[in-house]
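Colleague: Got a structure for you, final-v7.cif, holding mmCIF, C-alpha atoms.
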data_upload
loop_
_atom_site.group_PDB
_atom_site.id
_atom_site.type_symbol
_atom_site.label_atom_id
_atom_site.label_comp_id
_atom_site.auth_asym_id
_atom_site.auth_seq_id
_atom_site.Cartn_x
_atom_site.Cartn_y
_atom_site.Cartn_z
ATOM 1 C CA MET Z 1 10.899 4.032 3.326
ATOM 2 C CA ASN Z 2 13.124 2.269 0.822
ATOM 3 C CA GLN Z 3 14.624 -0.815 2.403
ATOM 4 C CA SER Z 4 17.557 -2.698 0.952
ATOM 5 C CA ARG Z 5 16.220 -6.125 1.903
ATOM 6 C CA PRO Z 6 15.194 -7.990 -1.282
ATOM 7 C CA LYS Z 7 11.436 -7.746 -1.818
ATOM 8 C CA VAL Z 8 11.032 -11.475 -2.501
ATOM 9 C CA LYS Z 9 12.819 -12.474 0.712
ATOM 10 C CA LYS Z 10 10.777 -9.940 2.651
ATOM 11 C CA SER Z 11 7.583 -11.256 1.040
ATOM 12 C CA ARG Z 12 8.385 -14.802 2.134
ATOM 13 C CA ALA Z 13 9.254 -13.690 5.668
ATOM 14 C CA LEU Z 14 5.914 -11.885 6.014
ATOM 15 C CA GLY Z 15 3.832 -14.477 4.181
ATOM 16 C CA ILE Z 16 2.468 -12.091 1.534
ATOM 17 C CA ALA Z 17 3.546 -11.253 -2.023
ATOM 18 C CA LEU Z 18 4.637 -7.599 -2.080
ATOM 19 C CA THR Z 19 5.427 -7.454 -5.820
ATOM 20 C CA PRO Z 20 4.229 -9.336 -8.930
ATOM 21 C CA LYS Z 21 7.679 -10.967 -9.122
ATOM 22 C CA ALA Z 22 7.263 -12.247 -5.568
ATOM 23 C CA VAL Z 23 4.035 -14.035 -6.509
ATOM 24 C CA LYS Z 24 5.972 -16.560 -8.660
ATOM 25 C CA TYR Z 25 8.609 -17.197 -5.999
ATOM 26 C CA PHE Z 26 5.873 -17.567 -3.434
ATOM 27 C CA GLU Z 27 4.222 -20.346 -5.391
ATOM 28 C CA GLN Z 28 7.544 -22.228 -5.497
ATOM 29 C CA ARG Z 29 8.642 -21.609 -1.893
ATOM 30 C CA PRO Z 30 5.681 -20.841 0.375
ATOM 31 C CA TYR Z 31 7.788 -20.715 3.540
ATOM 32 C CA PRO Z 32 10.041 -18.135 5.226
ATOM 33 C CA PRO Z 33 13.594 -17.577 3.879
ATOM 34 C CA GLY Z 34 16.732 -19.027 5.461
ATOM 35 C CA GLU Z 35 17.853 -22.543 6.305
ATOM 36 C CA HIS Z 36 15.334 -22.804 9.142
ATOM 37 C CA GLY Z 37 12.474 -21.408 7.106
ATOM 38 C CA ARG Z 38 10.575 -24.699 7.005
ATOM 39 C CA GLY Z 39 11.053 -25.474 10.687
ATOM 40 C CA ARG Z 40 8.179 -25.240 13.134
ATOM 41 C CA LYS Z 41 8.254 -22.074 15.171
ATOM 42 C CA GLN Z 42 6.646 -21.230 18.476
ATOM 43 C CA ASN Z 43 4.477 -18.148 18.050
ATOM 44 C CA SER Z 44 3.626 -16.034 21.088
ATOM 45 C CA ASP Z 45 0.583 -13.718 21.019
ATOM 46 C CA TYR Z 46 2.969 -10.775 20.847
ATOM 47 C CA LYS Z 47 4.816 -12.258 17.872
ATOM 48 C CA VAL Z 48 1.577 -12.924 15.981
ATOM 49 C CA ARG Z 49 0.439 -9.319 16.477
ATOM 50 C CA LEU Z 50 3.860 -7.940 15.597
ATOM 51 C CA LEU Z 51 3.941 -9.948 12.359
ATOM 52 C CA GLU Z 52 0.482 -8.700 11.378
ATOM 53 C CA LYS Z 53 1.566 -5.103 11.998
ATOM 54 C CA GLN Z 54 4.721 -5.648 9.912
ATOM 55 C CA ARG Z 55 2.655 -7.172 7.108
ATOM 56 C CA LEU Z 56 0.380 -4.149 6.999
ATOM 57 C CA ARG Z 57 3.334 -1.760 7.100
ATOM 58 C CA ALA Z 58 5.024 -3.601 4.245
ATOM 59 C CA GLN Z 59 1.953 -3.474 2.008
ATOM 60 C CA TYR Z 60 1.948 0.317 2.224
ATOM 61 C CA ASP Z 61 5.777 0.597 2.440
ATOM 62 C CA ILE Z 62 5.640 2.986 5.392
ATOM 63 C CA SER Z 63 7.835 3.585 8.423
ATOM 64 C CA GLU Z 64 6.933 2.598 11.976
ATOM 65 C CA ARG Z 65 6.450 6.265 12.841
ATOM 66 C CA GLN Z 66 3.996 6.780 9.961
ATOM 67 C CA MET Z 67 2.119 3.654 11.015
ATOM 68 C CA ALA Z 68 1.857 4.774 14.638
ATOM 69 C CA ARG Z 69 0.585 8.192 13.538
ATOM 70 C CA ALA Z 70 -2.049 6.586 11.317
ATOM 71 C CA TYR Z 71 -3.155 4.428 14.263
ATOM 72 C CA GLU Z 72 -3.505 7.497 16.498
ATOM 73 C CA ARG Z 73 -5.711 9.199 13.893
ATOM 74 C CA ALA Z 74 -7.786 6.033 13.430
ATOM 75 C CA ARG Z 75 -8.327 5.775 17.194
ATOM 76 C CA LYS Z 76 -10.213 9.072 17.130
ATOM 77 C CA VAL Z 77 -12.641 7.935 14.442
ATOM 78 C CA GLU Z 78 -16.051 6.533 15.422
ATOM 79 C CA GLY Z 79 -16.494 2.835 14.747
ATOM 80 C CA LYS Z 80 -13.902 0.082 14.544
ATOM 81 C CA THR Z 81 -10.348 1.370 14.946
ATOM 82 C CA GLY Z 82 -8.872 -1.398 12.774
ATOM 83 C CA GLU Z 83 -11.103 -0.613 9.819
ATOM 84 C CA ALA Z 84 -10.484 3.122 10.249
ATOM 85 C CA LEU Z 85 -6.728 2.422 10.204
ATOM 86 C CA ILE Z 86 -6.886 0.592 6.866
ATOM 87 C CA VAL Z 87 -9.047 3.352 5.349
ATOM 88 C CA GLU Z 88 -6.599 5.953 6.670
ATOM 89 C CA LEU Z 89 -3.669 4.184 4.982
ATOM 90 C CA GLU Z 90 -5.609 3.577 1.776
ATOM 91 C CA ARG Z 91 -6.187 7.310 1.328
ATOM 92 C CA ARG Z 92 -2.432 7.878 0.948
ATOM 93 C CA LEU Z 93 -1.589 9.276 -2.474
ATOM 94 C CA ASP Z 94 0.922 6.532 -3.319
ATOM 95 C CA ALA Z 95 -1.575 3.783 -2.373
ATOM 96 C CA LEU Z 96 -4.234 5.227 -4.670
ATOM 97 C CA VAL Z 97 -1.762 5.691 -7.543
ATOM 98 C CA LEU Z 98 -1.107 1.951 -7.211
ATOM 99 C CA ARG Z 99 -4.802 0.987 -7.021
ATOM 100 C CA SER Z 100 -5.626 3.075 -10.086
ATOM 101 C CA GLY Z 101 -3.268 1.038 -12.287
ATOM 102 C CA ILE Z 102 -0.893 3.942 -12.945
ATOM 103 C CA ALA Z 103 1.862 2.081 -11.048
ATOM 104 C CA ARG Z 104 2.750 -1.635 -10.882
ATOM 105 C CA THR Z 105 3.916 -1.753 -7.245
ATOM 106 C CA ILE Z 106 3.709 0.441 -4.152
ATOM 107 C CA TYR Z 107 7.447 1.121 -4.559
ATOM 108 C CA GLN Z 108 6.954 2.435 -8.084
ATOM 109 C CA ALA Z 109 3.928 4.495 -7.002
ATOM 110 C CA ARG Z 110 5.966 6.072 -4.219
ATOM 111 C CA GLN Z 111 8.773 6.918 -6.637
ATOM 112 C CA MET Z 112 6.363 8.511 -9.130
ATOM 113 C CA VAL Z 113 5.032 10.789 -6.387
ATOM 114 C CA VAL Z 114 8.455 11.664 -4.895
ATOM 115 C CA HIS Z 115 9.860 12.534 -8.332
ATOM 116 C CA GLY Z 116 7.088 15.059 -8.897
ATOM 117 C CA HIS Z 117 5.162 13.267 -11.657
ATOM 118 C CA ILE Z 118 1.776 13.411 -9.899
ATOM 119 C CA GLU Z 119 -0.646 16.279 -9.326
ATOM 120 C CA VAL Z 120 -3.781 16.573 -7.206
ATOM 121 C CA ASN Z 121 -6.451 19.006 -8.368
ATOM 122 C CA GLY Z 122 -3.925 20.531 -10.772
ATOM 123 C CA ARG Z 123 -1.178 21.097 -8.179
ATOM 124 C CA LYS Z 124 2.034 19.053 -7.961
ATOM 125 C CA VAL Z 125 2.226 16.881 -4.843
ATOM 126 C CA ASP Z 126 5.484 15.087 -4.048
ATOM 127 C CA LYS Z 127 4.554 13.590 -0.657
ATOM 128 C CA PRO Z 128 3.482 9.939 -0.844
ATOM 129 C CA SER Z 129 1.724 10.353 2.531
ATOM 130 C CA PHE Z 130 -0.572 13.106 1.163
ATOM 131 C CA ARG Z 131 -4.123 12.151 2.167
ATOM 132 C CA VAL Z 132 -6.488 12.238 -0.779
ATOM 133 C CA ARG Z 133 -10.037 13.402 -0.032
ATOM 134 C CA PRO Z 134 -13.285 12.444 -1.772
ATOM 135 C CA GLU Z 135 -13.755 14.408 -5.026
ATOM 136 C CA ASP Z 136 -9.990 15.002 -5.381
ATOM 137 C CA VAL Z 137 -8.736 14.422 -8.925
ATOM 138 C CA VAL Z 138 -5.272 12.856 -9.250
ATOM 139 C CA ALA Z 139 -3.391 12.855 -12.558
ATOM 140 C CA VAL Z 140 0.034 12.396 -14.087
ATOM 141 C CA ARG Z 141 1.482 15.832 -14.859
ATOM 142 C CA GLU Z 142 1.458 16.897 -18.497
ATOM 143 C CA ARG Z 143 5.263 17.056 -18.751
ATOM 144 C CA SER Z 144 5.661 13.476 -17.449
ATOM 145 C CA ARG Z 145 3.130 11.683 -19.641
ATOM 146 C CA ASP Z 146 5.549 10.680 -22.400
ATOM 147 C CA LYS Z 147 7.846 8.833 -20.003
ATOM 148 C CA HIS Z 148 7.923 5.058 -20.554
ATOM 149 C CA PRO Z 149 6.235 3.934 -17.290
ATOM 150 C CA PHE Z 150 3.239 6.160 -17.997
ATOM 151 C CA GLN Z 151 2.966 4.952 -21.588
ATOM 152 C CA VAL Z 152 2.800 1.397 -20.208
ATOM 153 C CA ALA Z 153 0.181 2.470 -17.656
ATOM 154 C CA ARG Z 154 -1.920 4.177 -20.346
ATOM 155 C CA GLU Z 155 -2.150 0.876 -22.235
ATOM 156 C CA GLY Z 156 -3.241 -0.944 -19.074
ATOM 157 C CA GLY Z 157 0.126 -2.612 -18.505
ATOM 158 C CA TYR Z 158 -0.018 -2.164 -14.723
ATOM 159 C CA ALA Z 159 -3.724 -2.753 -14.202
ATOM 160 C CA THR Z 160 -4.328 -5.660 -11.831
ATOM 161 C CA ASP Z 161 -6.310 -8.761 -12.733
ATOM 162 C CA GLY Z 162 -8.945 -7.757 -10.215
ATOM 163 C CA GLU Z 163 -11.445 -4.962 -10.669
ATOM 164 C CA THR Z 164 -10.551 -1.355 -10.017
ATOM 165 C CA PRO Z 165 -11.798 -0.568 -6.482
ATOM 166 C CA ARG Z 166 -15.268 0.945 -6.543
ATOM 167 C CA TYR Z 167 -14.203 4.041 -4.648
ATOM 168 C CA LEU Z 168 -12.110 5.158 -7.644
ATOM 169 C CA GLN Z 169 -13.173 6.512 -11.023
ATOM 170 C CA VAL Z 170 -10.215 5.759 -13.306
ATOM 171 C CA ASN Z 171 -9.424 6.970 -16.815
ATOM 172 C CA LEU Z 172 -6.124 5.296 -17.728
ATOM 173 C CA LYS Z 173 -6.038 6.828 -21.210
ATOM 174 C CA ALA Z 174 -6.011 10.231 -19.521
ATOM 175 C CA LEU Z 175 -3.683 8.933 -16.758
ATOM 176 C CA ALA Z 176 -6.100 10.302 -14.172
ATOM 177 C CA PHE Z 177 -8.501 9.152 -11.472
ATOM 178 C CA ARG Z 178 -10.859 10.554 -8.868
ATOM 179 C CA LEU Z 179 -11.548 9.364 -5.340
ATOM 180 C CA ASP Z 180 -15.353 9.257 -5.320
ATOM 181 C CA ARG Z 181 -15.757 8.515 -1.609
ATOM 182 C CA ASP Z 182 -13.989 7.047 1.387
ATOM 183 C CA PRO Z 183 -13.249 3.342 0.832
ATOM 184 C CA ASN Z 184 -14.998 0.600 2.810
ATOM 185 C CA ARG Z 185 -12.671 -1.886 4.496
ATOM 186 C CA LYS Z 186 -14.040 -4.877 2.551
ATOM 187 C CA GLU Z 187 -13.258 -3.141 -0.760
ATOM 188 C CA ILE Z 188 -9.587 -2.526 0.075
ATOM 189 C CA PRO Z 189 -7.308 -5.247 -1.389
ATOM 190 C CA VAL Z 190 -5.017 -5.539 1.631
ATOM 191 C CA ILE Z 191 -4.243 -8.820 3.406
ATOM 192 C CA CYS Z 192 -4.487 -8.101 7.106
ATOM 193 C CA ASP Z 193 -6.274 -9.021 10.310
ATOM 194 C CA GLU Z 194 -6.455 -5.416 11.444
ATOM 195 C CA GLN Z 195 -7.797 -6.346 14.885
ATOM 196 C CA LEU Z 196 -4.400 -7.908 15.679
ATOM 197 C CA VAL Z 197 -2.710 -4.647 14.656
ATOM 198 C CA VAL Z 198 -4.999 -2.691 16.997
ATOM 199 C CA GLU Z 199 -4.188 -5.132 19.813
ATOM 200 C CA TYR Z 200 -0.476 -4.640 19.126
ATOM 201 C CA TYR Z 201 -0.716 -0.874 19.574
ATOM 202 C CA ALA Z 202 -3.194 -1.052 22.459
ATOM 203 C CA ARG Z 203 -0.991 -3.332 24.555
#
Could you rewrite the structure in this file as structure tokens?

Modeller:
Amino acid sequence: MNQSRPKVKKSRALGIALTPKAVKYFEQRPYPPGEHGRGRKQNSDYKVRLLEKQRLRAQYDISERQMARAYERARKVEGKTGEALIVELERRLDALVLRSGIARTIYQARQMVVHGHIEVNGRKVDKPSFRVRPEDVVAVRERSRDKHPFQVAREGGYATDGETPRYLQVNLKALAFRLDRDPNRKEIPVICDEQLVVEYYAR
């Protein structure tokens, strides 16, 4: 789901920083892009829900179809559909590669997976949407470990300022991690009012 729209502009339009570079721009211009970006806008209920859905989609860099499918799966889970949706998205292979500190952005994580650099339980997986299960071990493949991005990752160059999520056991020196258990919604570092997303799809 590689979109040509500049990430910084997209970040400002959605009101969230999608890349580390966008964080700096965001501090300087915390309003939407374009000449009318600072103008007051009328927001309908539909528009508010749509924006929240787009924000969630952007944070995982997924298509509308993938998002709708994830919602349908979440709807069948007991408990709150919104929380189940976030957990469903968080179990994507590319999302967990990002959380582990092996990649700097979701875009880089996706590329690492697509280019065949990542394995799960010793088998190459090149689908970013692959759903990782508890006890699965994810690692950078042996033949890819000398590539520059992985050398940076090994030294902690992509690790976030925050703590590694508790649902992951990470060994950056080995370029590997394990999903210990399903994440809890409050542990997932995603900015979203998921109830609005549920209301968007339930309309």

Colleague: Hey, what's within 6 Å of region 97-106 of chain Z if we count all atoms listed in the file and toss same-chain stuff fewer than 2 positions away? As JSON, numbers by chain, please?

Modeller: {"Z": [94, 95, 108, 109, 153, 158, 159]}

Colleague: For the structure shown, which residues end up in the PyMOL selection byres ((chain Z and resi 57) around 12)? Put them as a PyMOL selection string, please?

Modeller: chain Z and resi 1+10+14+16+18+50-56+58-68+70-71+85-86+89-90+106+190-192+194+197

Colleague: Evaluate the PyMOL selection byres ((chain Z and resi 139) around 8) and record the selected residues as a list in words, following the chain and residue labels used in the document.

Modeller: Ile118, Glu119, Val120, Gly122, Val137, Val138, Val140, Arg141, Ala174, Leu175, Ala176 and Phe177 of chain Z

Colleague: Residues near Arg91 (chain Z), anyone? I mean within 6 Å using only C-alpha atoms, not counting same-chain ones fewer than 2 positions away, as a list in words.

Modeller: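 Returned residues: Glu88, Leu89, Arg131 and Val132 of chain Z.
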
Colleague: Output the selection as a PDB file, in the coordinates of the input - C-alpha atoms for each residue.

Modeller:
ATOM      1  CA  GLU Z  88      -6.599   5.953   6.670  1.00  0.00           C
ATOM      2  CA  LEU Z  89      -3.669   4.184   4.982  1.00  0.00           C
ATOM      3  CA  ARG Z 131      -4.123  12.151   2.167  1.00  0.00           C
ATOM      4  CA  VAL Z 132      -6.488  12.238  -0.779  1.00  0.00           C
TER       5      VAL Z 132
END

Colleague: What gap, in Å, lies between CA of Glu199 (chain Z) and CA of Val77 (chain Z)?

Modeller: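 Going from CA of Glu199 (chain Z) over to CA of Val77 (chain Z), I get 16.5 Å.
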
Colleague: Have a look at CA of Pro165 (chain Z) and CA of Arg92 (chain Z) and let me know their distance in Å, one decimal.

Modeller: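 Atom-to-atom, CA of Pro165 (chain Z) and CA of Arg92 (chain Z) are spaced 14.6 Å apart.
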
Colleague: Using only the atoms of region 66-78 of chain Z listed in the file, plus 8 Å on each side, state the axis-aligned box centre and edge lengths in Å rounded to one decimal, as JSON.

Modeller:
{"center_x": -6.0, "center_y": 6.4, "center_z": 13.6, "size_x": 36.0, "size_y": 21.5, "size_z": 23.2}

Colleague: Can you tell me how far CA of Ala202 (chain Z) sits from CA of Pro128 (chain Z), in Å to one decimal?

Modeller: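 Taking CA of Ala202 (chain Z) and CA of Pro128 (chain Z), their separation equals 26.6 Å.
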
Colleague: Extract, using all atoms listed in the file, all DNA, RNA and protein residues at most 10 Å from Asn184 (chain Z), discarding same-chain residues fewer than 2 positions from it, and format them as a list in words.

Modeller: Glu83, Ala84, Ile86, Val87, Glu90, Pro165, Arg166, Tyr167, Arg181, Asp182, Lys186, Glu187 and Ile188 of chain Z

Colleague: Would you please work out which residue, of Z:Ser44, Z:Met112, Z:Phe130, Z:Arg154, is nearest to Val170 (chain Z) when using all atoms listed in the file?

Modeller: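 Looking at the shortest contact to Val170 (chain Z), the residue is Z:Arg154.
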
Colleague: Which of these, Z:Arg69, Z:Asn43, Z:Gly82, Z:Leu93, has the shortest distance to Tyr200 (chain Z) once you count only C-alpha atoms?

Modeller: Z:Gly82

Colleague: So which one's closest to Phe150 (chain Z), Z:Asp180, Z:His117, Z:Glu72, Z:Arg110? Using only C-alpha atoms, please.

Modeller: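 Result for the nearest residue to Phe150 (chain Z): Z:His117.
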